[in-house]
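*Asks:* Following this line is start_32.cif, made up of mmCIF, C-alpha atoms:
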data_query
loop_
_atom_site.label_atom_id
_atom_site.label_comp_id
_atom_site.auth_asym_id
_atom_site.auth_seq_id
_atom_site.Cartn_x
_atom_site.Cartn_y
_atom_site.Cartn_z
CA MET A 1 16.81 -8.90 -13.11
CA THR A 2 14.12 -11.13 -11.63
CA THR A 3 10.55 -11.38 -12.92
CA ALA A 4 9.27 -10.12 -9.55
CA ASN A 5 11.44 -7.00 -9.81
CA LYS A 6 10.31 -6.42 -13.40
CA LEU A 7 6.70 -6.47 -12.20
CA THR A 8 7.52 -3.96 -9.46
CA ILE A 9 9.23 -1.65 -11.96
CA LEU A 10 6.20 -2.01 -14.26
CA ARG A 11 3.96 -0.88 -11.37
CA VAL A 12 6.21 2.12 -10.75
CA LEU A 13 6.00 3.09 -14.44
CA MET A 14 2.21 2.70 -14.50
CA ILE A 15 1.71 5.35 -11.81
CA PRO A 16 2.86 8.35 -13.87
CA MET A 17 0.97 6.90 -16.85
CA MET A 18 -2.22 6.96 -14.76
CA ILE A 19 -1.68 10.61 -13.97
CA ILE A 20 -0.70 11.60 -17.50
CA PHE A 21 -3.94 10.19 -18.86
CA LEU A 22 -5.90 12.51 -16.57
CA TYR A 23 -4.35 15.52 -18.32
CA ILE A 24 -5.08 14.48 -21.91
CA LYS A 25 -7.93 16.87 -22.76
CA PRO A 26 -9.36 14.95 -25.76
CA LEU A 27 -9.95 11.99 -23.41
CA ASP A 28 -12.05 14.10 -21.04
CA LYS A 29 -15.27 12.86 -22.68
CA SER A 30 -17.92 10.65 -21.17
CA ILE A 31 -17.87 7.01 -22.17
CA GLY A 32 -21.48 6.56 -21.07
CA PHE A 33 -20.47 4.01 -18.45
CA LEU A 34 -20.77 4.70 -14.73
CA SER A 35 -20.54 8.46 -15.42
CA LEU A 36 -16.83 8.10 -16.19
CA SER A 37 -14.80 10.00 -18.73
CA ILE A 38 -12.35 8.14 -20.95
CA ASN A 39 -9.38 9.37 -18.92
CA GLN A 40 -11.03 8.43 -15.61
CA PHE A 41 -11.76 4.96 -16.97
CA ILE A 42 -8.15 4.52 -18.15
CA PHE A 43 -6.88 5.74 -14.75
CA ALA A 44 -9.11 3.18 -12.98
CA ILE A 45 -8.08 0.31 -15.28
CA LEU A 46 -4.38 1.15 -14.89
CA PHE A 47 -4.89 1.26 -11.11
CA ILE A 48 -6.39 -2.25 -11.16
CA LEU A 49 -3.56 -3.56 -13.34
CA ALA A 50 -0.95 -1.96 -11.09
CA ALA A 51 -2.63 -3.38 -7.98
CA PHE A 52 -2.65 -6.80 -9.66
CA THR A 53 1.11 -6.56 -10.31
CA ASP A 54 1.52 -5.99 -6.56
CA MET A 55 -0.13 -9.32 -5.78
CA LEU A 56 1.64 -11.05 -8.65
CA ASP A 57 5.16 -9.85 -7.86
CA GLY A 58 4.83 -11.02 -4.26
CA TYR A 59 3.59 -14.41 -5.40
CA VAL A 60 6.35 -14.79 -8.00
CA ALA A 61 9.04 -13.65 -5.54
CA ARG A 62 7.99 -16.21 -2.92
CA LYS A 63 7.21 -19.12 -5.26
CA TYR A 64 10.38 -18.84 -7.34
CA ASN A 65 12.66 -17.60 -4.55
CA GLN A 66 13.17 -14.22 -6.23
CA ILE A 67 13.18 -12.14 -3.04
CA THR A 68 15.85 -9.46 -3.45
CA THR A 69 17.03 -6.44 -1.51
CA PHE A 70 15.95 -4.28 -4.46
CA GLY A 71 12.44 -5.76 -4.31
CA LYS A 72 12.22 -5.35 -0.54
CA PHE A 73 13.10 -1.68 -1.04
CA LEU A 74 11.07 -0.76 -4.14
CA ASP A 75 7.93 -2.88 -3.70
CA PRO A 76 6.59 -1.11 -0.59
CA ILE A 77 7.42 2.30 -2.07
CA ALA A 78 5.57 1.43 -5.28
CA ASP A 79 2.55 0.27 -3.26
CA LYS A 80 2.43 3.45 -1.20
CA VAL A 81 2.79 5.75 -4.20
CA LEU A 82 0.09 3.83 -6.10
CA VAL A 83 -2.40 4.10 -3.24
CA LEU A 84 -1.59 7.73 -2.55
CA ALA A 85 -1.91 8.70 -6.22
CA ALA A 86 -5.41 7.19 -6.32
CA MET A 87 -6.42 8.70 -2.97
CA LEU A 88 -5.19 12.17 -3.87
CA TYR A 89 -7.00 11.98 -7.20
CA LEU A 90 -10.23 10.92 -5.48
CA MET A 91 -9.76 13.63 -2.84
CA ILE A 92 -9.55 16.23 -5.60
CA LEU A 93 -12.63 14.79 -7.33
CA ASP A 94 -14.80 14.66 -4.22
CA PRO A 95 -13.28 15.80 -0.92
CA SER A 96 -16.52 14.98 0.88
CA ARG A 97 -15.99 11.27 0.12
CA VAL A 98 -12.21 11.14 0.44
CA PRO A 99 -11.42 13.87 2.96
CA ILE A 100 -7.93 15.24 3.48
CA TRP A 101 -7.85 14.04 7.10
CA ALA A 102 -8.29 10.43 5.93
CA VAL A 103 -5.53 10.81 3.33
CA MET A 104 -3.28 12.33 6.03
CA ILE A 105 -3.89 9.30 8.29
CA VAL A 106 -2.69 7.06 5.47
CA ILE A 107 0.35 9.26 4.79
CA MET A 108 1.30 9.46 8.48
CA ARG A 109 0.95 5.69 8.94
CA GLU A 110 3.07 4.98 5.88
CA PHE A 111 5.83 7.37 6.98
CA MET A 112 5.82 5.84 10.46
CA VAL A 113 5.98 2.26 9.16
CA THR A 114 8.71 3.16 6.66
CA GLY A 115 10.70 4.89 9.40
CA ILE A 116 10.45 1.89 11.71
CA ARG A 117 11.45 -0.44 8.85
CA LEU A 118 14.52 1.71 8.17
CA LEU A 119 15.48 1.57 11.84
CA ALA A 120 15.02 -2.22 11.79
CA VAL A 121 17.17 -2.60 8.67
CA ASP A 122 19.88 -0.58 10.39
CA LYS A 123 19.77 -3.16 13.19
CA GLY A 124 19.82 -6.06 10.72
CA SER A 125 16.15 -6.99 11.20
CA VAL A 126 13.33 -7.46 8.74
CA ILE A 127 9.78 -6.86 9.94
CA ALA A 128 7.10 -9.03 8.40
CA ALA A 129 3.69 -7.64 7.50
CA SER A 130 0.99 -8.25 10.10
CA PRO A 131 -2.48 -9.65 9.37
CA TYR A 132 -3.85 -6.16 10.14
CA GLY A 133 -1.55 -4.68 7.51
CA LYS A 134 -2.66 -7.23 4.95
CA PHE A 135 -6.32 -6.52 5.67
CA LYS A 136 -5.56 -2.79 5.49
CA THR A 137 -4.03 -3.25 2.05
CA ALA A 138 -6.86 -5.44 0.76
CA SER A 139 -9.64 -3.18 2.07
CA THR A 140 -7.85 -0.09 0.73
CA MET A 141 -7.53 -1.58 -2.76
CA VAL A 142 -11.18 -2.67 -2.79
CA ALA A 143 -12.33 0.76 -1.54
CA LEU A 144 -10.28 2.58 -4.16
CA VAL A 145 -11.59 0.40 -6.99
CA ILE A 146 -15.17 0.99 -5.85
CA LEU A 147 -14.63 4.74 -5.63
CA LEU A 148 -12.71 4.97 -8.91
CA PHE A 149 -15.60 3.26 -10.69
CA ASN A 150 -18.21 5.57 -9.12
CA ASP A 151 -19.55 2.80 -6.88
CA PHE A 152 -20.35 0.66 -9.94
CA GLY A 153 -23.70 2.40 -10.07
CA LEU A 154 -24.67 1.20 -6.60
CA THR A 155 -25.54 3.38 -3.66
CA PRO A 156 -22.52 5.49 -2.55
CA TRP A 157 -22.73 4.35 1.06
CA ILE A 158 -21.15 0.99 0.12
CA GLY A 159 -18.00 2.70 -1.16
CA ASN A 160 -18.00 5.00 1.87
CA VAL A 161 -18.26 2.09 4.32
CA VAL A 162 -15.46 0.14 2.64
CA PHE A 163 -13.30 3.28 2.51
CA TYR A 164 -13.76 3.97 6.23
CA ILE A 165 -13.10 0.32 7.06
CA ALA A 166 -9.81 0.75 5.17
CA ILE A 167 -9.02 3.90 7.18
CA LEU A 168 -9.89 2.11 10.42
CA PHE A 169 -7.51 -0.74 9.56
CA THR A 170 -4.89 1.81 8.55
CA ILE A 171 -5.06 3.16 12.11
CA ILE A 172 -5.23 -0.30 13.74
CA SER A 173 -2.34 -1.68 11.70
CA GLY A 174 -0.27 1.44 12.38
CA ILE A 175 -0.81 1.18 16.13
CA ASP A 176 -0.12 -2.58 16.04
CA TYR A 177 3.06 -1.99 14.05
CA LEU A 178 4.26 0.68 16.46
CA LEU A 179 3.49 -1.38 19.59
CA LYS A 180 5.15 -4.53 18.25
CA ASN A 181 8.25 -2.61 17.22
CA LYS A 182 8.53 0.07 19.91
CA HIS A 183 11.77 -1.50 21.14
CA ILE A 184 13.37 -0.69 17.79
CA VAL A 185 12.26 2.94 18.10
CA PHE A 186 13.41 3.26 21.74
CA GLU A 187 16.79 1.64 21.01
CA SER A 188 17.36 4.32 18.37
CA ILE A 189 16.69 7.32 20.59
#
Translate the structure of the given file into structure tokens.

*Replies:*
Amino acid sequence: MTTANKLTILRVLMIPMMIIFLYIKPLDKSIGFLSLSINQFIFAILFILAAFTDMLDGYVARKYNQITTFGKFLDPIADKVLVLAAMLYLMILDPSRVPIWAVMIVIMREFMVTGIRLLAVDKGSVIAASPYGKFKTASTMVALVILLFNDFGLTPWIGNVVFYIAILFTIISGIDYLLKNKHIVFESI
């Protein structure tokens, strides 16, 4: 098993750990930092570590030629589940800041992109990530970190703006992905 795949599996294992920590009642005490409880702080730290493994596994896979079919399959799934776990948690905490419609946009985009990728694989093609998709991912991760850490004590509008920029690029990258790959969809109908 490659190092890149081990990092992806580590990320997958960290996601349920993040959620489990939220349910440990003795950890539901304030740490006196950014109005976070111990379990919220652990969730946020695990999210950052998991997001870091995403960057690291991609780097390792490319630099050391460890790109595998397993990694191509599991890495994007791990990324989507990580982001959705954090978004759903934040939506439960404060639906006025992370509304369900925004989470649904992310879910719909991810299902659409995954569906198109599956159609492409069936045709023997691999679709590379677009610059819009990379900016979507980066802005989403930054927004989630800001929101998970209660805006780092700054005014909430900063987290809100970054979050809505991420949602905007989720829409833009989804439309771009669909338009660039519509031939794959139409060939499959």

*Asks:* Considering only C-alpha atoms, state which residue in the set A:Leu36, A:Val126, A:Ile42, A:Met18 is at the smallest distance from Asp151 (chain A).

*Replies:*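 Of all the options, A:Leu36 lies closest to Asp151 (chain A).
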
*Asks:* I need the residue nearest Tyr177 (chain A) from this list: A:Lys123, A:Ile116, A:Ser139, A:Gly153. Use all atoms listed in the file for the distance.

*Replies:*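 Counting all atoms listed in the file, the residue closest to Tyr177 (chain A) is A:Ile116.
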
*Asks:* For Asp57 (chain A), which residue out of A:Ile9, A:Met104, A:Ile31, A:Ala4 is the nearest one, using only C-alpha atoms?

*Replies:*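 For Asp57 (chain A), the nearest of the given residues is A:Ala4.
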
*Asks:* What does the PyMOL selection byres ((chain A and resi 37) around 12) select in this file, as a list in words?

*Replies:*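 Answer for the PyMOL selection byres ((chain A and resi 37) around 12): Phe21, Leu22, Tyr23, Ile24, Lys25, Pro26, Leu27, Asp28, Lys29, Ser30, Ile31, Gly32, Phe33, Leu34, Ser35, Leu36, Ile38, Asn39, Gln40, Phe41, Ile42, Phe43, Ala44, Leu148, Phe149 and Asn150 of chain A.
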
*Asks:* Can I get the selected residues back with C-alpha atoms, as a PDB file, keeping the file's coordinate frame?

*Replies:*
ATOM      1  CA  PHE A  21      -3.940  10.190 -18.860  1.00  0.00           C
ATOM      2  CA  LEU A  22      -5.900  12.510 -16.570  1.00  0.00           C
ATOM      3  CA  TYR A  23      -4.350  15.520 -18.320  1.00  0.00           C
ATOM      4  CA  ILE A  24      -5.080  14.480 -21.910  1.00  0.00           C
ATOM      5  CA  LYS A  25      -7.930  16.870 -22.760  1.00  0.00           C
ATOM      6  CA  PRO A  26      -9.360  14.950 -25.760  1.00  0.00           C
ATOM      7  CA  LEU A  27      -9.950  11.990 -23.410  1.00  0.00           C
ATOM      8  CA  ASP A  28     -12.050  14.100 -21.040  1.00  0.00           C
ATOM      9  CA  LYS A  29     -15.270  12.860 -22.680  1.00  0.00           C
ATOM     10  CA  SER A  30     -17.920  10.650 -21.170  1.00  0.00           C
ATOM     11  CA  ILE A  31     -17.870   7.010 -22.170  1.00  0.00           C
ATOM     12  CA  GLY A  32     -21.480   6.560 -21.070  1.00  0.00           C
ATOM     13  CA  PHE A  33     -20.470   4.010 -18.450  1.00  0.00           C
ATOM     14  CA  LEU A  34     -20.770   4.700 -14.730  1.00  0.00           C
ATOM     15  CA  SER A  35     -20.540   8.460 -15.420  1.00  0.00           C
ATOM     16  CA  LEU A  36     -16.830   8.100 -16.190  1.00  0.00           C
ATOM     17  CA  ILE A  38     -12.350   8.140 -20.950  1.00  0.00           C
ATOM     18  CA  ASN A  39      -9.380   9.370 -18.920  1.00  0.00           C
ATOM     19  CA  GLN A  40     -11.030   8.430 -15.610  1.00  0.00           C
ATOM     20  CA  PHE A  41     -11.760   4.960 -16.970  1.00  0.00           C
ATOM     21  CA  ILE A  42      -8.150   4.520 -18.150  1.00  0.00           C
ATOM     22  CA  PHE A  43      -6.880   5.740 -14.750  1.00  0.00           C
ATOM     23  CA  ALA A  44      -9.110   3.180 -12.980  1.00  0.00           C
ATOM     24  CA  LEU A 148     -12.710   4.970  -8.910  1.00  0.00           C
ATOM     25  CA  PHE A 149     -15.600   3.260 -10.690  1.00  0.00           C
ATOM     26  CA  ASN A 150     -18.210   5.570  -9.120  1.00  0.00           C
TER      27      ASN A 150
END

*Asks:* Evaluating the PyMOL selection byres ((chain A and resi 127) around 10) on the displayed file yields which residues, as a list in words?

*Replies:* Val113, Ile116, Arg117, Leu118, Ala120, Val121, Ser125, Val126, Ala128, Ala129, Ser130, Tyr177, Lys180 and Asn181 of chain A

*Asks:* So, with all atoms listed in the file as the atoms that count, which of A:Val106, A:Ile167, A:Ile100, A:Ile172 lies closest to Pro131 (chain A)?

*Replies:*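 Using all atoms listed in the file, the shortest distance to Pro131 (chain A) belongs to A:Ile172.
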
*Asks:* Between A:Leu93, A:Ile175, A:Met14, A:Ala143, which residue has the minimum interatomic distance to Asp54 (chain A), considering only C-alpha atoms?

*Replies:*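 That would be A:Met14, the residue with the smallest distance to Asp54 (chain A).
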
*Asks:* Find the distance between CA of Met141 (chain A) and CA of Phe47 (chain A) and write it in Å to one decimal.

*Replies:*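 Between CA of Met141 (chain A) and CA of Phe47 (chain A) the gap works out to 9.2 Å.
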
*Asks:* Compile the contact shell of Ala78 (chain A) as a list of chain:residue names: residues with an atom at most 8 Å away, counting all atoms listed in the file, same-chain residues fewer than 3 positions apart removed.

*Replies:*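 The residues that qualify are A:Thr8, A:Arg11, A:Val12, A:Leu74, A:Asp75, A:Val81, A:Leu82.
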
*Asks:* Mind giving me the straight-line distance from CA of Leu119 (chain A) to CA of Leu10 (chain A) in Å, one decimal?

*Replies:*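 Between CA of Leu119 (chain A) and CA of Leu10 (chain A) the gap is 27.9 Å.
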
*Asks:* Nearest residue to Gln66 (chain A) out of A:Leu13, A:Phe111, A:Asp79, A:Thr2, using all atoms listed in the file?

*Replies:* A:Thr2

*Asks:* Work out how far apart CA of Lys72 (chain A) and CA of Val142 (chain A) are and give it in Å to one decimal.

*Replies:* 23.7 Å

*Asks:* Write out as a short mmCIF file (atom, residue, chain, number, x, y, z; two decimals) with C-alpha atoms, keeping the file's coordinate frame which residues come within 7 Å of Lys136 (chain A) when counting all atoms listed in the file, dropping same-chain ones fewer than 2 positions away.

*Replies:*
data_model
loop_
_atom_site.label_atom_id
_atom_site.label_comp_id
_atom_site.auth_asym_id
_atom_site.auth_seq_id
_atom_site.Cartn_x
_atom_site.Cartn_y
_atom_site.Cartn_z
CA TYR A 132 -3.85 -6.16 10.14
CA GLY A 133 -1.55 -4.68 7.51
CA LYS A 134 -2.66 -7.23 4.95
CA ALA A 138 -6.86 -5.44 0.76
CA SER A 139 -9.64 -3.18 2.07
CA THR A 140 -7.85 -0.09 0.73
CA ALA A 166 -9.81 0.75 5.17
CA PHE A 169 -7.51 -0.74 9.56
CA THR A 170 -4.89 1.81 8.55
#

*Asks:* Adding 5 Å on each side of the box along x, y and z that holds all listed atoms of region 145-153 of chain A, could you give its centre and edge lengths in Å to one decimal, as AutoDock Vina command-line options?

*Replies:*
--center_x -17.6 --center_y 3.0 --center_z -8.2 --size_x 22.1 --size_y 15.2 --size_z 15.1

*Asks:* Would you kindly translate the PyMOL selection byres ((chain A and resi 98) around 12) into the concrete residues it picks from this file, as a CSV table (one decimal) with C-alpha atoms, keeping the file's coordinate frame?

*Replies:*
chain,number,residue,atom,x,y,z
A,84,LEU,CA,-1.6,7.7,-2.6
A,86,ALA,CA,-5.4,7.2,-6.3
A,87,MET,CA,-6.4,8.7,-3.0
A,88,LEU,CA,-5.2,12.2,-3.9
A,89,TYR,CA,-7.0,12.0,-7.2
A,90,LEU,CA,-10.2,10.9,-5.5
A,91,MET,CA,-9.8,13.6,-2.8
A,92,ILE,CA,-9.6,16.2,-5.6
A,93,LEU,CA,-12.6,14.8,-7.3
A,94,ASP,CA,-14.8,14.7,-4.2
A,95,PRO,CA,-13.3,15.8,-0.9
A,96,SER,CA,-16.5,15.0,0.9
A,97,ARG,CA,-16.0,11.3,0.1
A,99,PRO,CA,-11.4,13.9,3.0
A,100,ILE,CA,-7.9,15.2,3.5
A,101,TRP,CA,-7.8,14.0,7.1
A,102,ALA,CA,-8.3,10.4,5.9
A,103,VAL,CA,-5.5,10.8,3.3
A,104,MET,CA,-3.3,12.3,6.0
A,105,ILE,CA,-3.9,9.3,8.3
A,106,VAL,CA,-2.7,7.1,5.5
A,143,ALA,CA,-12.3,0.8,-1.5
A,144,LEU,CA,-10.3,2.6,-4.2
A,147,LEU,CA,-14.6,4.7,-5.6
A,148,LEU,CA,-12.7,5.0,-8.9
A,159,GLY,CA,-18.0,2.7,-1.2
A,160,ASN,CA,-18.0,5.0,1.9
A,161,VAL,CA,-18.3,2.1,4.3
A,162,VAL,CA,-15.5,0.1,2.6
A,163,PHE,CA,-13.3,3.3,2.5
A,164,TYR,CA,-13.8,4.0,6.2
A,166,ALA,CA,-9.8,0.8,5.2
A,167,ILE,CA,-9.0,3.9,7.2
